[in-house]
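**Student:** One structure is given below, represented as structure tokens, and several questions about it will come after.
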Amino acid sequence: HWFEAENPRRIILAAHGWRASWYRDFGYSYPFLKSESCSILYIEQRGQGASGGRYMGFGLLERFDIPDWLNWITERCGSELPVYLAGISMGATTVLMASGLDLPSCVRGIIADCGFTSPAAIWRHVARKEMHIPYLMTGLFSGPVCRRILGVSPSSYSTVDAMKKNRLPVLFVHGQDDSFVPVSMTRENYEACKAPKEIMIVPGAIHGMSYAVAKDRYEEKEKQFWGKYD
């Protein structure tokens with residue numbers, strides 16, 4: 001879903017979260033991005049919305065889609081404008097994992113909001129905290145199923161692995177009161193990141209709601225981030 005600014009200053013490639021949608025995760029922030037002369041490509045991740053594929057890969061497969069979306073951008077717009085990857089929840093994990101790939105030089109940074117560290121880690125957390133069952137029970141089942149259907153192990157790659165290789169600046173964001181993806185996961189990603197990095201923890205924000213809770217602070221952080229790396 002392509003929204004082109006009249007006189008664009010930068011391009012945002014935005015990836016939504018698990019079982020979410022581009023308009024639900026990013027609709028509220030669109031007026032701000034528009035006012036900042038951002039052209040925006042809102043993607044629909046594989047297995048969701050109008051995109052193809054029967055299964056979601058929790059970032060393990062979706063990271064390989066990001067270079068294709070970037071090719072779409074550069075074929076349409078050239079490579080002069082700075083491009084930023086942005087994601088919420090699984091979308092944040094997707095773009096963080098993608099940073100471990102060979103991305104074009106026009107990509108200047110990443111804004112990752114409440115991403116998890118790995119599929120295995122988030123499944124373990126959900127099993128224990130949300131479903132109240134031992135992870136061993138689901139892990140023994142989900143691991144082989146994941147390998148058979150997706151061709152990868154849920155522990156085969158992580159955002160932590162990607163952050164050890166990543167050279168792109170990252171703005172990490174997370175709600176302090178997030179119970180679905182614990183804030184400790186963003187702190188772990190932040191600590192592993194070897195590139196220039198910033199972190200913003202939002203008190204009172206639950207999962208994916210940091211922008212709604214701290215709109216002015218969030219927008220100022222983004223403007224500062226763009227100002228450094230445009």
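So you can find residues: chains in the structure tokens are A, B, ... in the order shown, residues in each start at 1, and ligands are numbered from 1 in order.
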Could you name the residues that touch region 100-114 of chain A at 6 Å or less, counting only C-alpha atoms, but leaving out those on the same chain fewer than 6 positions away, as an mmCIF file with C-alpha atoms, in the first residue's frame?

**Tutor:**
```
data_model
loop_
_atom_site.group_PDB
_atom_site.id
_atom_site.type_symbol
_atom_site.label_atom_id
_atom_site.label_comp_id
_atom_site.auth_asym_id
_atom_site.auth_seq_id
_atom_site.Cartn_x
_atom_site.Cartn_y
_atom_site.Cartn_z
ATOM 1 C CA SER A 79 18.059 5.162 -4.491
ATOM 2 C CA PRO A 82 16.950 7.705 2.591
ATOM 3 C CA VAL A 83 14.872 4.650 3.470
ATOM 4 C CA TYR A 84 13.977 3.526 6.987
ATOM 5 C CA LEU A 85 12.632 0.137 8.013
ATOM 6 C CA ALA A 86 9.896 0.286 10.651
ATOM 7 C CA GLY A 87 8.006 -2.491 12.371
ATOM 8 C CA ILE A 88 5.684 -3.226 15.245
ATOM 9 C CA SER A 89 5.724 -6.539 17.159
ATOM 10 C CA ALA A 92 9.804 -5.197 14.289
ATOM 11 C CA ALA A 162 21.041 -10.119 13.588
ATOM 12 C CA LYS A 165 25.952 -8.304 12.560
ATOM 13 C CA ASN A 166 23.826 -5.228 11.995
ATOM 14 C CA LEU A 168 22.346 0.167 10.704
ATOM 15 C CA PRO A 169 21.330 2.633 13.436
ATOM 16 C CA VAL A 170 18.355 1.382 15.439
ATOM 17 C CA LEU A 171 15.736 3.185 17.497
ATOM 18 C CA PHE A 172 14.236 0.614 19.856
ATOM 19 C CA VAL A 173 10.806 1.341 21.373
ATOM 20 C CA HIS A 174 8.789 -0.694 23.869
#
```

**Student:** Write out as number ranges by chain the residues lying within 12 Å of Glu62 (chain A), counting only C-alpha atoms and excluding same-chain residues fewer than 2 positions away.

**Tutor:** A: 15-18, 43-48, 51-53, 55-60, 64-69, 87, 90-99, 101, 150

**Student:** Name the residues of region 77-124 of chain A that come out as helix (DSSP H, G or I) in a backbone DSSP run; write them as a count of residues only.

**Tutor:** 16

**Student:** Between CA of Thr74 (chain A) and CA of Arg167 (chain A), what distance in Å does the model show, to one decimal?

**Tutor:**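 CA of Thr74 (chain A) sits 20.4 Å away from CA of Arg167 (chain A).
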
**Student:** What's the 9 Å shell around region 23-31 of chain A, counting only C-alpha atoms, without same-chain residues fewer than 2 positions away, as a list in words?

**Tutor:**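 Near neighbours after the sequence-gap exclusion: Ala14, Ala15, His16, Gly17, Ala20, Ser21, Leu33, Lys34, Ser35, Glu36, Ile40, Tyr42, Gly87, Ile88, Gly208, Tyr211, Ala212, Lys215 and Glu219 of chain A.
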
**Student:** Selected residues, C-alpha atoms, written as a JSON list (two decimals), in the first residue's frame, please.

**Tutor:**
```
[["chain", "number", "residue", "atom", "x", "y", "z"],
["A", 14, "ALA", "CA", 6.51, -0.39, 7.47],
["A", 15, "ALA", "CA", 5.87, -3.99, 8.56],
["A", 16, "HIS", "CA", 2.82, -4.86, 10.69],
["A", 17, "GLY", "CA", 2.65, -7.44, 13.45],
["A", 20, "ALA", "CA", -2.57, -7.57, 12.60],
["A", 21, "SER", "CA", -2.83, -5.28, 9.59],
["A", 33, "LEU", "CA", 4.46, 10.73, 8.71],
["A", 34, "LYS", "CA", 2.57, 12.60, 6.01],
["A", 35, "SER", "CA", 3.29, 15.94, 7.70],
["A", 36, "GLU", "CA", 6.99, 15.02, 7.75],
["A", 40, "ILE", "CA", 5.35, 5.17, 2.95],
["A", 42, "TYR", "CA", 2.88, -0.37, 4.11],
["A", 87, "GLY", "CA", 8.01, -2.49, 12.37],
["A", 88, "ILE", "CA", 5.68, -3.23, 15.25],
["A", 208, "GLY", "CA", 2.01, -1.93, 20.42],
["A", 211, "TYR", "CA", 2.77, 5.76, 20.05],
["A", 212, "ALA", "CA", -0.76, 6.21, 21.38],
["A", 215, "LYS", "CA", 2.62, 10.49, 20.88],
["A", 219, "GLU", "CA", 7.32, 11.82, 17.22]]
```

**Student:** In Å, how far is it from CA of Asp177 (chain A) to CA of Met209 (chain A)?

**Tutor:**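 So the two atoms, CA of Asp177 (chain A) and CA of Met209 (chain A), lie 9.7 Å apart.
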
**Student:** If you count only C-alpha atoms, which residues fall within 10 Å of Ser184 (chain A), apart from same-chain ones fewer than 4 positions away, as an MDAnalysis selection string?

**Tutor:** chainID A and resid 114 116:117 174 176 178 188:190

**Student:** So how many Å separate CA of Met185 (chain A) and CA of His125 (chain A), to one decimal?

**Tutor:**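 Between CA of Met185 (chain A) and CA of His125 (chain A) the gap is 10.5 Å.
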
**Student:** Hey, which of A:Val152, A:Ala127, A:Leu81, A:Ala50 ends up closest to Ile11 (chain A)? Count only C-alpha atoms.

**Tutor:**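 Going through A:Val152, A:Ala127, A:Leu81, A:Ala50 one by one, the smallest distance to Ile11 (chain A) is for A:Leu81.
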
**Student:** I need the residue nearest Cys77 (chain A) from this list: A:Ala195, A:Ile201, A:Ala214, A:Leu41. Use only C-alpha atoms for the distance.

**Tutor:**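 Closest residue, counting only C-alpha atoms: A:Leu41.
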